[in-house]
$ cat entry_27.txt   # compact mmCIF, C-alpha atoms and all ligand atoms
# COMPACT_ATOMS: atom_id res chain seq x y z
CA MET A 1 0.00 0.00 0.00
CA SER A 2 1.22 3.51 -0.62
CA THR A 3 0.26 7.05 0.19
CA SER A 4 0.08 7.99 -3.46
CA THR A 5 -1.85 11.03 -4.57
CA GLN A 6 -4.83 10.73 -6.90
CA ASN A 7 -2.53 11.35 -9.86
CA GLU A 8 -0.27 8.44 -8.99
CA GLN A 9 -2.87 5.91 -7.90
CA PHE A 10 -2.34 2.42 -9.26
CA GLU A 11 -5.47 0.39 -8.79
CA ILE A 12 -6.70 -2.88 -10.22
CA ARG A 13 -10.38 -3.81 -10.18
CA PHE A 14 -11.82 -7.12 -11.29
CA TRP A 15 -15.09 -6.82 -13.25
CA GLY A 16 -15.12 -10.45 -14.39
CA THR A 17 -12.96 -13.38 -13.28
CA ARG A 18 -14.92 -16.33 -14.68
CA GLY A 19 -13.42 -18.25 -17.58
CA THR A 20 -15.04 -20.00 -20.51
CA LEU A 21 -18.71 -19.09 -19.97
CA PRO A 22 -20.75 -16.61 -17.90
CA THR A 23 -21.96 -18.36 -14.77
CA PRO A 24 -25.04 -16.89 -13.08
CA GLY A 25 -26.50 -18.47 -9.96
CA PRO A 26 -26.32 -18.07 -6.18
CA GLN A 27 -23.64 -20.75 -5.80
CA PHE A 28 -21.27 -18.65 -7.97
CA ALA A 29 -22.21 -15.18 -6.73
CA ARG A 30 -19.23 -14.34 -4.52
CA ALA A 31 -16.55 -15.08 -7.12
CA GLY A 32 -18.96 -13.70 -9.70
CA GLY A 33 -20.32 -15.04 -12.96
CA ASN A 34 -19.03 -12.44 -15.43
CA THR A 35 -16.23 -13.43 -17.78
CA ASN A 36 -12.77 -11.88 -17.96
CA CYS A 37 -12.40 -8.13 -17.56
CA THR A 38 -9.89 -6.20 -15.45
CA GLU A 39 -9.68 -2.41 -15.07
CA ILE A 40 -6.30 -0.89 -14.31
CA THR A 41 -6.18 2.74 -13.26
CA CYS A 42 -2.75 4.38 -13.46
CA GLY A 43 -3.17 7.98 -12.38
CA SER A 44 -5.30 9.58 -15.09
CA HIS A 45 -4.90 6.60 -17.46
CA THR A 46 -7.51 3.88 -17.88
CA ILE A 47 -6.41 0.48 -19.14
CA VAL A 48 -8.81 -2.43 -19.56
CA ILE A 49 -7.60 -5.98 -20.10
CA ASP A 50 -10.13 -8.18 -21.90
CA ALA A 51 -13.73 -7.56 -22.77
CA GLY A 52 -15.69 -10.47 -21.35
CA THR A 53 -19.18 -9.86 -19.99
CA GLY A 54 -17.74 -7.98 -17.00
CA ILE A 55 -16.94 -5.03 -19.29
CA ARG A 56 -20.61 -4.01 -19.57
CA GLU A 57 -20.82 -2.78 -15.96
CA LEU A 58 -17.37 -1.20 -16.24
CA GLY A 59 -18.60 0.72 -19.31
CA SER A 60 -21.56 2.09 -17.35
CA LYS A 61 -19.23 3.31 -14.61
CA LEU A 62 -16.76 4.92 -17.03
CA ILE A 63 -19.51 6.70 -18.96
CA SER A 64 -21.07 8.16 -15.83
CA SER A 65 -17.77 9.25 -14.28
CA CYS A 66 -16.02 11.15 -17.05
CA GLU A 67 -16.39 12.62 -20.55
CA ASN A 68 -13.93 12.58 -23.46
CA GLN A 69 -11.94 9.69 -22.05
CA HIS A 70 -9.03 7.87 -23.64
CA ILE A 71 -9.30 4.16 -22.90
CA HIS A 72 -6.71 1.50 -23.79
CA LEU A 73 -8.39 -1.88 -24.28
CA LEU A 74 -5.83 -4.71 -24.33
CA LEU A 75 -7.19 -8.04 -25.58
CA THR A 76 -5.31 -11.19 -24.59
CA HIS A 77 -7.06 -13.06 -27.43
CA ALA A 78 -10.49 -13.40 -29.00
CA HIS A 79 -12.10 -16.48 -27.45
CA TYR A 80 -15.69 -15.59 -26.55
CA ASP A 81 -15.08 -15.29 -22.82
CA HIS A 82 -12.57 -12.47 -23.52
CA VAL A 83 -14.44 -10.46 -26.17
CA GLU A 84 -18.18 -11.06 -25.93
CA GLY A 85 -18.72 -7.80 -24.03
CA ILE A 86 -17.18 -5.61 -26.78
CA PRO A 87 -20.51 -4.70 -28.46
CA PHE A 88 -21.94 -3.77 -25.04
CA PHE A 89 -19.10 -1.50 -23.83
CA ALA A 90 -20.73 1.94 -23.59
CA PRO A 91 -17.62 4.05 -24.35
CA PHE A 92 -17.67 2.69 -27.93
CA PHE A 93 -20.96 4.58 -28.32
CA SER A 94 -19.79 7.79 -26.69
CA HIS A 95 -19.00 10.77 -28.95
CA GLY A 96 -15.76 12.33 -27.76
CA ASP A 97 -14.32 9.16 -26.25
CA LYS A 98 -11.17 7.73 -27.76
CA LEU A 99 -10.47 4.01 -27.64
CA ASP A 100 -7.28 2.23 -28.57
CA VAL A 101 -7.85 -1.52 -28.97
CA TYR A 102 -4.86 -3.88 -28.97
CA SER A 103 -4.33 -7.56 -29.61
CA GLY A 104 -1.49 -9.84 -30.63
CA PRO A 105 -1.51 -12.21 -33.62
CA LEU A 106 -4.42 -14.66 -33.65
CA ASP A 107 -4.96 -17.61 -35.97
CA GLY A 108 -7.78 -16.87 -38.41
CA SER A 109 -7.54 -13.07 -38.18
CA SER A 110 -5.40 -10.55 -40.08
CA GLY A 111 -5.38 -8.19 -37.09
CA THR A 112 -7.30 -6.47 -34.30
CA GLU A 113 -9.71 -4.60 -36.57
CA GLU A 114 -10.74 -7.76 -38.40
CA THR A 115 -11.11 -9.61 -35.09
CA VAL A 116 -13.66 -7.05 -33.87
CA LYS A 117 -15.43 -6.96 -37.25
CA ASN A 118 -15.73 -10.74 -37.28
CA LEU A 119 -17.23 -10.69 -33.81
CA MET A 120 -19.91 -8.22 -34.89
CA ARG A 121 -21.18 -9.79 -38.09
CA ARG A 122 -24.07 -11.91 -39.25
CA PRO A 123 -25.17 -14.51 -38.36
CA TYR A 124 -23.66 -13.89 -34.90
CA PHE A 125 -24.60 -10.25 -34.33
CA PRO A 126 -27.12 -7.78 -35.81
CA VAL A 127 -24.84 -4.77 -36.45
CA SER A 128 -21.21 -4.12 -37.41
CA PRO A 129 -18.64 -1.95 -35.57
CA ASP A 130 -19.79 0.88 -37.90
CA VAL A 131 -22.32 1.69 -35.13
CA PHE A 132 -19.49 2.82 -32.84
CA THR A 133 -19.47 6.59 -32.46
CA ALA A 134 -16.27 6.92 -30.44
CA ASP A 135 -12.89 7.50 -32.10
CA VAL A 136 -11.63 3.89 -32.27
CA THR A 137 -8.10 2.89 -33.31
CA TYR A 138 -7.07 -0.73 -33.76
CA ASN A 139 -3.49 -1.67 -32.92
CA ASP A 140 -1.65 -4.90 -33.69
CA VAL A 141 0.83 -6.03 -31.05
CA VAL A 142 3.91 -8.10 -31.74
CA PRO A 143 4.36 -10.19 -28.56
CA GLY A 144 7.60 -9.14 -26.91
CA GLU A 145 6.96 -5.54 -27.93
CA VAL A 146 7.15 -2.82 -25.26
CA PHE A 147 5.22 0.42 -25.56
CA HIS A 148 4.63 3.51 -23.44
CA PHE A 149 1.26 5.14 -22.82
CA ALA A 150 3.15 7.86 -20.92
CA GLU A 151 6.71 8.45 -19.77
CA ASN A 152 6.04 6.66 -16.48
CA LEU A 153 3.59 4.08 -17.88
CA LYS A 154 5.12 1.14 -19.71
CA VAL A 155 3.31 -1.88 -21.17
CA SER A 156 5.33 -5.04 -21.90
CA THR A 157 4.00 -8.07 -23.76
CA ALA A 158 4.79 -11.76 -24.16
CA PRO A 159 3.31 -14.64 -26.15
CA LEU A 160 1.32 -17.32 -24.32
CA ASN A 161 0.83 -20.98 -25.12
CA HIS A 162 -2.84 -21.10 -26.08
CA PRO A 163 -4.64 -22.59 -29.12
CA GLY A 164 -4.82 -19.84 -31.76
CA GLY A 165 -2.50 -17.54 -29.80
CA ALA A 166 -2.77 -15.22 -26.80
CA THR A 167 -0.75 -12.33 -25.40
CA ALA A 168 0.21 -11.51 -21.80
CA TYR A 169 0.57 -7.93 -20.59
CA ARG A 170 2.62 -6.29 -17.85
CA ILE A 171 2.05 -2.72 -16.74
CA ASP A 172 4.77 -0.75 -14.95
CA PHE A 173 3.73 2.59 -13.48
CA ASN A 174 5.88 4.77 -11.25
CA GLY A 175 7.98 1.86 -10.03
CA ARG A 176 5.04 -0.47 -9.31
CA SER A 177 3.83 -3.31 -11.49
CA PHE A 178 0.97 -5.64 -12.39
CA ALA A 179 0.82 -8.44 -14.97
CA CYS A 180 -2.03 -10.45 -16.50
CA ILE A 181 -1.19 -14.01 -17.58
CA THR A 182 -4.24 -15.69 -19.16
CA ASP A 183 -4.98 -17.97 -21.04
CA THR A 184 -2.02 -20.33 -21.16
CA GLU A 185 -1.09 -23.99 -20.87
CA HIS A 186 2.16 -25.06 -19.23
CA THR A 187 4.24 -28.14 -19.73
CA PRO A 188 4.58 -29.88 -16.37
CA GLY A 189 8.12 -29.56 -15.04
CA LYS A 190 9.08 -26.88 -17.60
CA PRO A 191 8.38 -23.32 -16.41
CA ASP A 192 7.38 -21.06 -19.33
CA GLU A 193 10.36 -18.75 -19.94
CA ASN A 194 8.18 -16.13 -21.65
CA VAL A 195 5.95 -15.93 -18.58
CA LEU A 196 8.90 -15.92 -16.16
CA GLY A 197 10.50 -13.05 -18.06
CA LEU A 198 7.32 -10.98 -17.97
CA ILE A 199 6.53 -11.48 -14.28
CA GLU A 200 10.08 -11.11 -12.94
CA ASN A 201 9.88 -9.12 -9.68
CA VAL A 202 6.34 -7.99 -10.51
CA ASP A 203 4.35 -6.76 -7.49
CA ILE A 204 1.27 -8.81 -8.35
CA PHE A 205 -0.01 -10.82 -11.28
CA THR A 206 -3.17 -12.65 -12.27
CA TYR A 207 -2.76 -16.18 -13.54
CA ASP A 208 -4.83 -18.68 -15.52
CA CYS A 209 -5.85 -20.94 -12.64
CA SER A 210 -8.55 -22.83 -14.50
CA LEU A 211 -7.40 -26.18 -13.18
CA THR A 212 -5.61 -28.09 -10.45
CA ASP A 213 -2.47 -30.08 -11.24
CA GLU A 214 -4.58 -33.21 -10.79
CA GLU A 215 -7.17 -32.08 -13.35
CA LEU A 216 -4.64 -30.89 -15.97
CA PRO A 217 -4.20 -34.19 -17.88
CA ASP A 218 -7.96 -34.34 -18.56
CA PHE A 219 -7.83 -30.90 -20.21
CA ALA A 220 -4.60 -31.28 -22.22
CA GLY A 221 -4.65 -29.15 -25.37
CA TYR A 222 -7.36 -26.73 -24.17
CA GLY A 223 -4.71 -24.16 -23.30
CA HIS A 224 -5.09 -23.72 -19.56
CA SER A 225 -2.93 -23.89 -16.46
CA THR A 226 -3.16 -24.57 -12.73
CA TYR A 227 -3.17 -22.94 -9.29
CA GLU A 228 -0.01 -24.81 -8.36
CA GLU A 229 1.85 -23.66 -11.51
CA GLY A 230 0.90 -20.05 -10.76
CA ILE A 231 2.52 -20.31 -7.35
CA ARG A 232 5.59 -22.13 -8.72
CA LEU A 233 6.11 -19.42 -11.37
CA ALA A 234 5.57 -16.66 -8.81
CA LYS A 235 8.30 -18.05 -6.57
CA LEU A 236 10.74 -18.59 -9.45
CA ALA A 237 10.18 -15.03 -10.70
CA ARG A 238 10.23 -13.49 -7.20
CA ALA A 239 6.81 -12.00 -7.83
CA GLY A 240 5.11 -10.40 -4.83
CA ALA A 241 1.68 -12.02 -5.10
CA VAL A 242 -0.54 -14.03 -7.41
CA ARG A 243 -4.30 -13.78 -7.89
CA ALA A 244 -6.15 -16.67 -9.53
CA VAL A 245 -8.44 -15.85 -12.46
CA HIS A 246 -10.37 -17.75 -15.15
CA HIS A 247 -12.45 -19.75 -12.66
CA MET A 248 -14.07 -22.66 -14.45
CA PRO A 249 -17.89 -22.53 -14.78
CA PHE A 250 -18.21 -25.64 -12.60
CA ARG A 251 -16.35 -24.09 -9.63
CA THR A 252 -18.79 -23.00 -6.94
CA ASP A 253 -17.86 -20.42 -4.30
CA GLN A 254 -17.58 -23.24 -1.82
CA GLU A 255 -15.08 -25.10 -3.96
CA LEU A 256 -13.06 -21.95 -4.69
CA ASP A 257 -12.89 -21.28 -0.92
CA ARG A 258 -11.64 -24.80 -0.33
CA ILE A 259 -8.95 -24.59 -3.03
CA GLU A 260 -7.90 -21.12 -1.87
CA LYS A 261 -7.39 -22.38 1.66
CA SER A 262 -5.33 -25.35 0.54
CA MET A 263 -3.12 -23.15 -1.68
CA GLN A 264 -2.64 -20.64 1.15
CA ALA A 265 -1.12 -23.41 3.28
CA ASP A 266 1.93 -22.70 1.12
CA GLU A 267 2.30 -19.32 2.91
CA TYR A 268 2.72 -17.52 -0.38
CA ASP A 269 0.57 -14.44 -1.10
CA PHE A 270 -2.10 -16.27 -3.10
CA ALA A 271 -5.82 -15.60 -3.34
CA MET A 272 -8.71 -15.99 -5.72
CA ALA A 273 -9.56 -12.83 -7.65
CA ARG A 274 -13.28 -12.27 -7.16
CA GLU A 275 -15.57 -9.93 -9.07
CA ASN A 276 -15.40 -6.36 -7.67
CA ASP A 277 -12.19 -7.02 -5.71
CA ILE A 278 -9.90 -4.01 -5.75
CA VAL A 279 -6.12 -4.18 -5.39
CA LYS A 280 -4.24 -0.97 -4.60
CA LEU A 281 -0.54 -0.89 -5.36
ZN ZN B 1 -10.59 -17.90 -21.63
ZN ZN B 2 -8.90 -18.84 -24.51

$ encode --input "entry_27.txt" --output "structure tokens" --more "lines below"
Ligand SMILES: [Zn+2]
Ligand SMILES: [Zn+2]
Amino acid sequence: MSTSTQNEQFEIRFWGTRGTLPTPGPQFARAGGNTNCTEITCGSHTIVIDAGTGIRELGSKLISSCENQHIHLLLTHAHYDHVEGIPFFAPFFSHGDKLDVYSGPLDGSSGTEETVKNLMRRPYFPVSPDVFTADVTYNDVVPGEVFHFAENLKVSTAPLNHPGGATAYRIDFNGRSFACITDTEHTPGKPDENVLGLIENVDIFTYDCSLTDEELPDFAGYGHSTYEEGIRLAKLARAGAVRAVHHMPFRTDQELDRIEKSMQADEYDFAMARENDIVKL
């Protein structure tokens, strides 16, 4: 925690931490049923990672709090649980707002603009991105690329091991750092060097904790990782803390509590990321 002023605040808020499919129902309510969406506030800058269903509520908040905003939307990849909220994100329909959308290379798409166009086309959707009224720019990321949104705000990227491709992001702001590592599959016994490089000494990162080590063999090839691997990587990279994301649709709150407790026996700073949780760096 720090005594940073409003202009230096570094805050992460989870608007959706469910993977694969939205999961309504009382047994899922505490972790939340919305799919992947994380808001990162760095001083006056707004960064959003992924546009799952959680982005709809975030859009309502952003629209009501400020006009003429510049929002950076970083997409890890375009599987439904990471993009299905795009057509429902209010800032896209706000005159005066500026949105920069980013994604890395994805099989089956020539780039970020085509990815969004393909999402909003018949027979899947009634209207095309032509309905957006904001000033939208599409940016193609080369994983490994580093870019600056401001002098003190750096974004680093790395490729992930996921069918069709996915990109991880790390944000460094005024000497503090956060990284988002989802979705990715690891090879047991072989820590992913790309991930290790990105999370080295990071203050906190989210990790694709879809599975347990025991469950992993049953899901080989689906592109997901485990709670235990998140903690192993965190220790190897001397990361400060790890928060589990991409909760599978079959994980009830009760089960997530049980897994969280067993992982915390390790005495590492591990916890489930739950919808509406806020982390201040
Ligand atoms: Zn996913
Ligand atoms: Zn995926």

$ residues_around --input "entry_27.txt" --residues "A:Phe89" --least-positions-apart "4" --cutoff "12 Å" --atoms "all atoms listed in the file" --output "PyMOL selection string"
chain A and resi 37+48+50-63+71+73+83-85+93-94+97+99+129+132-134

$ write_last_selection --input "entry_27.txt" --atoms "C-alpha atoms" --output "PDB file, keeping the file's coordinate frame"
ATOM      1  CA  CYS A  37     -12.400  -8.130 -17.560  1.00  0.00           C
ATOM      2  CA  VAL A  48      -8.810  -2.430 -19.560  1.00  0.00           C
ATOM      3  CA  ASP A  50     -10.130  -8.180 -21.900  1.00  0.00           C
ATOM      4  CA  ALA A  51     -13.730  -7.560 -22.770  1.00  0.00           C
ATOM      5  CA  GLY A  52     -15.690 -10.470 -21.350  1.00  0.00           C
ATOM      6  CA  THR A  53     -19.180  -9.860 -19.990  1.00  0.00           C
ATOM      7  CA  GLY A  54     -17.740  -7.980 -17.000  1.00  0.00           C
ATOM      8  CA  ILE A  55     -16.940  -5.030 -19.290  1.00  0.00           C
ATOM      9  CA  ARG A  56     -20.610  -4.010 -19.570  1.00  0.00           C
ATOM     10  CA  GLU A  57     -20.820  -2.780 -15.960  1.00  0.00           C
ATOM     11  CA  LEU A  58     -17.370  -1.200 -16.240  1.00  0.00           C
ATOM     12  CA  GLY A  59     -18.600   0.720 -19.310  1.00  0.00           C
ATOM     13  CA  SER A  60     -21.560   2.090 -17.350  1.00  0.00           C
ATOM     14  CA  LYS A  61     -19.230   3.310 -14.610  1.00  0.00           C
ATOM     15  CA  LEU A  62     -16.760   4.920 -17.030  1.00  0.00           C
ATOM     16  CA  ILE A  63     -19.510   6.700 -18.960  1.00  0.00           C
ATOM     17  CA  ILE A  71      -9.300   4.160 -22.900  1.00  0.00           C
ATOM     18  CA  LEU A  73      -8.390  -1.880 -24.280  1.00  0.00           C
ATOM     19  CA  VAL A  83     -14.440 -10.460 -26.170  1.00  0.00           C
ATOM     20  CA  GLU A  84     -18.180 -11.060 -25.930  1.00  0.00           C
ATOM     21  CA  GLY A  85     -18.720  -7.800 -24.030  1.00  0.00           C
ATOM     22  CA  PHE A  93     -20.960   4.580 -28.320  1.00  0.00           C
ATOM     23  CA  SER A  94     -19.790   7.790 -26.690  1.00  0.00           C
ATOM     24  CA  ASP A  97     -14.320   9.160 -26.250  1.00  0.00           C
ATOM     25  CA  LEU A  99     -10.470   4.010 -27.640  1.00  0.00           C
ATOM     26  CA  PRO A 129     -18.640  -1.950 -35.570  1.00  0.00           C
ATOM     27  CA  PHE A 132     -19.490   2.820 -32.840  1.00  0.00           C
ATOM     28  CA  THR A 133     -19.470   6.590 -32.460  1.00  0.00           C
ATOM     29  CA  ALA A 134     -16.270   6.920 -30.440  1.00  0.00           C
TER      30      ALA A 134
END

$ atom_distance --input "entry_27.txt" --atom1 "atom CA of A:His95" --atom2 "atom CA of A:His72"
16.2 Å

$ atom_distance --input "entry_27.txt" --atom1 "atom CA of A:Asn194" --atom2 "atom CA of A:Tyr227"
18.1 Å

$ closest_residue --input "entry_27.txt" --among "A:Lys154, A:His224, A:Arg18, A:Arg232" --to "A:Leu196" --atoms "only C-alpha atoms"
A:Arg232

$ residues_around --input "entry_27.txt" --residues "A:Ser109" --least-positions-apart "4" --cutoff "12 Å" --atoms "only C-alpha atoms" --output "CSV table (one decimal) with C-alpha atoms, in the frame of the given file"
chain,number,residue,atom,x,y,z
A,77,HIS,CA,-7.1,-13.1,-27.4
A,78,ALA,CA,-10.5,-13.4,-29.0
A,103,SER,CA,-4.3,-7.6,-29.6
A,104,GLY,CA,-1.5,-9.8,-30.6
A,105,PRO,CA,-1.5,-12.2,-33.6
A,113,GLU,CA,-9.7,-4.6,-36.6
A,114,GLU,CA,-10.7,-7.8,-38.4
A,115,THR,CA,-11.1,-9.6,-35.1
A,116,VAL,CA,-13.7,-7.0,-33.9
A,117,LYS,CA,-15.4,-7.0,-37.2
A,118,ASN,CA,-15.7,-10.7,-37.3
A,119,LEU,CA,-17.2,-10.7,-33.8
A,140,ASP,CA,-1.6,-4.9,-33.7
A,164,GLY,CA,-4.8,-19.8,-31.8
A,165,GLY,CA,-2.5,-17.5,-29.8

$ atom_distance --input "entry_27.txt" --atom1 "atom CA of A:Asp183" --atom2 "atom ZN of ligand ZN 2 (chain B)"
5.3 Å

$ residues_around --input "entry_27.txt" --residues "A:Ile199" --least-positions-apart "4" --cutoff "10 Å" --atoms "only C-alpha atoms" --output "list in words"
Ala168, Tyr169, Arg170, Ser177, Phe178, Ala179, Cys180, Ile181, Glu193, Asn194, Val195, Asp203, Ile204, Phe205, Thr206, Leu233, Ala234, Leu236, Ala237, Arg238, Ala239 and Gly240 of chain A

$ residues_near_ligand --input "entry_27.txt" --ligand "ligand ZN 1 (chain B)" --cutoff "7 Å" --atoms "all atoms listed in the file" --output "number ranges by chain"
A: 19-20, 79, 81-82, 183, 246

$ residues_around --input "entry_27.txt" --residues "A:Gly33" --least-positions-apart "4" --cutoff "10 Å" --atoms "all atoms listed in the file" --output "list of chain:residue names"
A:Trp15, A:Gly16, A:Thr17, A:Arg18, A:Gly19, A:Leu21, A:Pro22, A:Thr23, A:Pro24, A:Gly25, A:Pro26, A:Gln27, A:Phe28, A:Ala29, A:Thr53, A:Gly54, A:His247, A:Met248, A:Pro249, A:Arg274, A:Glu275

$ closest_residue --input "entry_27.txt" --among "A:Thr252, A:Thr76, A:Thr212, A:Asn152" --to "ligand ZN 2 (chain B)" --atoms "only C-alpha atoms and all ligand atoms"
A:Thr76

$ axis_aligned_box --input "entry_27.txt" --around "stretch 38-42 of chain A" --padding-each-side "3 Å" --output "lines of an AutoDock Vina configuration file"
center_x = -6.3
center_y = -0.9
center_z = -14.4
size_x = 13.1
size_y = 16.6
size_z = 8.2

$ closest_residue --input "entry_27.txt" --among "A:Asn174, A:Gln254, A:Thr184, A:Asn139" --to "ligand ZN 2 (chain B)" --atoms "all atoms listed in the file"
A:Thr184

$ closest_residue --input "entry_27.txt" --among "A:Ile12, A:Leu281, A:Val242, A:Phe92" --to "A:Asp130" --atoms "all atoms listed in the file"
A:Phe92

$ residues_around --input "entry_27.txt" --residues "A:Arg258" --least-positions-apart "6" --cutoff "12 Å" --atoms "only C-alpha atoms" --output "short mmCIF file (atom, residue, chain, number, x, y, z; two decimals) with C-alpha atoms, in the coordinates of the input"
data_model
loop_
_atom_site.label_atom_id
_atom_site.label_comp_id
_atom_site.auth_asym_id
_atom_site.auth_seq_id
_atom_site.Cartn_x
_atom_site.Cartn_y
_atom_site.Cartn_z
CA ARG A 251 -16.35 -24.09 -9.63
CA THR A 252 -18.79 -23.00 -6.94
CA GLN A 264 -2.64 -20.64 1.15
CA ALA A 265 -1.12 -23.41 3.28
CA ALA A 271 -5.82 -15.60 -3.34
CA MET A 272 -8.71 -15.99 -5.72
#

$ closest_residue --input "entry_27.txt" --among "A:Ile40, A:Leu153, A:Ala166, A:Leu74" --to "ligand ZN 2 (chain B)" --atoms "only C-alpha atoms and all ligand atoms"
A:Ala166

$ closest_residue --input "entry_27.txt" --among "A:Arg13, A:His162, A:Arg122, A:Lys98" --to "ligand ZN 2 (chain B)" --atoms "all atoms listed in the file"
A:His162

$ build_atoms --input "entry_27.txt" --residues "stretch 27-34 of chain A" --atoms "all heavy atoms" --output "compact mmCIF listing (two decimals), in the coordinates of the input"
# COMPACT_ATOMS: atom_id res chain seq x y z
N GLN A 27 -24.82 -20.00 -6.25
CA GLN A 27 -23.64 -20.75 -5.80
C GLN A 27 -22.34 -20.21 -6.40
O GLN A 27 -21.25 -20.66 -6.05
CB GLN A 27 -23.80 -22.26 -6.08
CG GLN A 27 -23.82 -22.68 -7.53
CD GLN A 27 -25.20 -22.61 -8.18
OE1 GLN A 27 -25.93 -21.63 -8.01
NE2 GLN A 27 -25.55 -23.61 -8.96
N PHE A 28 -22.47 -19.24 -7.34
CA PHE A 28 -21.27 -18.65 -7.97
C PHE A 28 -21.14 -17.15 -7.67
O PHE A 28 -20.27 -16.48 -8.19
CB PHE A 28 -21.35 -18.82 -9.50
CG PHE A 28 -21.58 -20.24 -9.94
CD1 PHE A 28 -22.82 -20.65 -10.42
CD2 PHE A 28 -20.56 -21.18 -9.85
CE1 PHE A 28 -23.03 -21.96 -10.82
CE2 PHE A 28 -20.76 -22.49 -10.25
CZ PHE A 28 -22.00 -22.89 -10.73
N ALA A 29 -22.05 -16.63 -6.84
CA ALA A 29 -22.21 -15.18 -6.73
C ALA A 29 -21.01 -14.46 -6.13
O ALA A 29 -20.69 -13.33 -6.52
CB ALA A 29 -23.47 -14.86 -5.92
N ARG A 30 -20.32 -15.08 -5.18
CA ARG A 30 -19.23 -14.34 -4.52
C ARG A 30 -18.02 -14.17 -5.44
O ARG A 30 -17.43 -13.10 -5.52
CB ARG A 30 -18.81 -15.02 -3.22
CG ARG A 30 -19.33 -14.26 -2.01
CD ARG A 30 -18.79 -14.79 -0.71
NE ARG A 30 -18.92 -16.22 -0.59
CZ ARG A 30 -17.88 -17.07 -0.52
NH1 ARG A 30 -16.64 -16.61 -0.56
NH2 ARG A 30 -18.08 -18.36 -0.42
N ALA A 31 -17.64 -15.22 -6.15
CA ALA A 31 -16.55 -15.08 -7.12
C ALA A 31 -17.06 -14.32 -8.35
O ALA A 31 -16.30 -13.66 -9.04
CB ALA A 31 -16.01 -16.43 -7.53
N GLY A 32 -18.35 -14.43 -8.59
CA GLY A 32 -18.96 -13.70 -9.70
C GLY A 32 -19.07 -14.56 -10.94
O GLY A 32 -18.29 -15.50 -11.16
N GLY A 33 -20.07 -14.25 -11.77
CA GLY A 33 -20.32 -15.04 -12.96
C GLY A 33 -19.88 -14.39 -14.26
O GLY A 33 -19.91 -15.02 -15.31
N ASN A 34 -19.45 -13.12 -14.20
CA ASN A 34 -19.03 -12.44 -15.43
C ASN A 34 -17.67 -12.93 -15.90
O ASN A 34 -16.78 -13.23 -15.10
CB ASN A 34 -18.96 -10.93 -15.21
CG ASN A 34 -20.33 -10.30 -15.30
OD1 ASN A 34 -21.05 -10.47 -16.28
ND2 ASN A 34 -20.72 -9.57 -14.25
